[in-house]
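Here's the structure, in structure tokens; my notes come after.
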Amino acid sequence: GAVVSQHPSWVICKSGTSVKIECRSLDFQATTMFWYRQFPKQSLMLMATSNEGSKATYEQGVEKDKFLINHASLTLSTLTVTSAHPEDSSFYICSARKTSGSTYEQYFGPGTRLTVT
Amino acid sequence: GQQVMQIPQYQHVQEGEDFTTYCNSSTTLSNIQWYKQRPGGHPVFLIQLVKSGEVKKQKRLTFQFGEAKKNSSLHITATQTTDVGTYFCGHNFNKFYFGSGTKLNVKP
């Protein structure tokens, strides 16, 4: 168990357009999901925490109006990159938190590679 | 976010050699988690440590949580080419932050 899917796996878009990325927990409910961005040869940087039924909390330096997050159900969170620019090109990964007793485990989606031309 | 530093940044070993990566925090951690990310892949959960001084083993991998709960290590005995990847530690509280990662390359 504990499978997280992400769609699309890769996307190429033109500068100025918006892109929506979906993150789904397939076999468990996740009240909390996280969105990360990873540039080449770098670590995963937390962008925001997505909480089901409430507003996402964003890390310092991440524009909430540019990276729209919606966590409408216990199995789905979406990240929309609005008015994308080439510097937004990156690998975006979501994770879903699964609670097992007092343990929190993170299960990651396969990632979405975004290229903005 | 809470800073968790990892050293070394890169490690190249000959197959069969041992490998260790260290994770350090300036503050006490409630827990530490370790992940492995293969090239082109996504992070995969390896283990969580919670108790002070805790040691856990998974085959050739040994994970340790420091007595002060400010540092942790991952040791791989007799590395194999399948161990190639980047190893991240991370801290899970209300949010989950990754360490900077250690990229391991194993020469056959």
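Ligands are numbered from 1 in the order shown, residues from 1 within each chain, and chains are lettered A, B, ... in the order they appear in the structure tokens.
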Taking a cut-off of 12 Å and counting only C-alpha atoms, can you build a table that, for each residue of chain A near chain B, reports the nearest atom pair and how far apart they are in Å (one decimal), sorted by chain then residue number, as a tab-separated table?
residue	atom	partner	partner_atom	distance
A:Ala2	CA	B:Phe45	CA	10.9
A:Val3	CA	B:Val44	CA	11.1
A:Val4	CA	B:His42	CA	11.0
A:Ser5	CA	B:His42	CA	11.3
A:Gln6	CA	B:His42	CA	11.2
A:Ser9	CA	B:Gly41	CA	11.3
A:Thr32	CA	B:Lys95	CA	9.2
A:Met33	CA	B:Lys95	CA	9.4
A:Phe34	CA	B:Phe96	CA	7.9
A:Trp35	CA	B:Phe96	CA	10.1
A:Tyr36	CA	B:Tyr97	CA	9.6
A:Arg37	CA	B:Phe98	CA	11.4
A:Gln38	CA	B:His42	CA	10.3
A:Phe39	CA	B:Gly40	CA	11.9
A:Pro40	CA	B:Gly40	CA	10.2
A:Lys41	CA	B:Lys103	CA	9.0
A:Gln42	CA	B:Ser100	CA	7.3
A:Ser43	CA	B:Ser100	CA	5.2
A:Leu44	CA	B:Phe98	CA	6.4
A:Met45	CA	B:Phe98	CA	7.2
A:Leu46	CA	B:Tyr97	CA	6.5
A:Met47	CA	B:Tyr97	CA	10.0
A:Ala48	CA	B:Lys95	CA	8.9
A:Thr49	CA	B:Lys95	CA	7.0
A:Ser50	CA	B:Lys95	CA	10.0
A:Asn51	CA	B:Lys95	CA	11.0
A:Ala56	CA	B:Lys95	CA	11.8
A:Thr57	CA	B:Lys95	CA	9.9
A:Tyr58	CA	B:Lys95	CA	10.7
A:Glu59	CA	B:Gly1	CA	7.6
A:Gln60	CA	B:Gly1	CA	8.3
A:Gly61	CA	B:Gly1	CA	11.2
A:Phe91	CA	B:His42	CA	9.9
A:Tyr92	CA	B:His42	CA	10.1
A:Ile93	CA	B:His42	CA	7.6
A:Cys94	CA	B:His42	CA	9.6
A:Ser95	CA	B:Pro43	CA	9.4
A:Ala96	CA	B:Phe96	CA	10.6
A:Arg97	CA	B:Phe96	CA	9.4
A:Lys98	CA	B:Phe45	CA	11.7
A:Thr99	CA	B:Asn92	CA	11.7
A:Ser100	CA	B:Gln48	CA	11.9
A:Ser102	CA	B:Val50	CA	9.9
A:Thr103	CA	B:Gln48	CA	8.0
A:Tyr104	CA	B:Asn92	CA	7.4
A:Glu105	CA	B:Phe45	CA	7.5
A:Gln106	CA	B:Phe45	CA	6.9
A:Tyr107	CA	B:Phe45	CA	7.0
A:Phe108	CA	B:Pro43	CA	6.4
A:Gly109	CA	B:His42	CA	7.0
A:Pro110	CA	B:His42	CA	5.4
A:Gly111	CA	B:His42	CA	6.6
A:Thr112	CA	B:His42	CA	10.1
A:Arg113	CA	B:Gly40	CA	10.3
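Nearest to A:Leu114 of all the residues A:Ser90, A:Ser54, A:Ser77, A:Thr82 is A:Ser90, counting only C-alpha atoms.
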Requested in this report: Pull the strand (DSSP E or B) assignments for chain B out of DSSP run on the backbone, and list those residues as a ChimeraX atom specification.
Outcome: /B:4-7,10-14,19-25,32-37,44-49,55-58,61-65,71-76,85-92,96-98,102-107
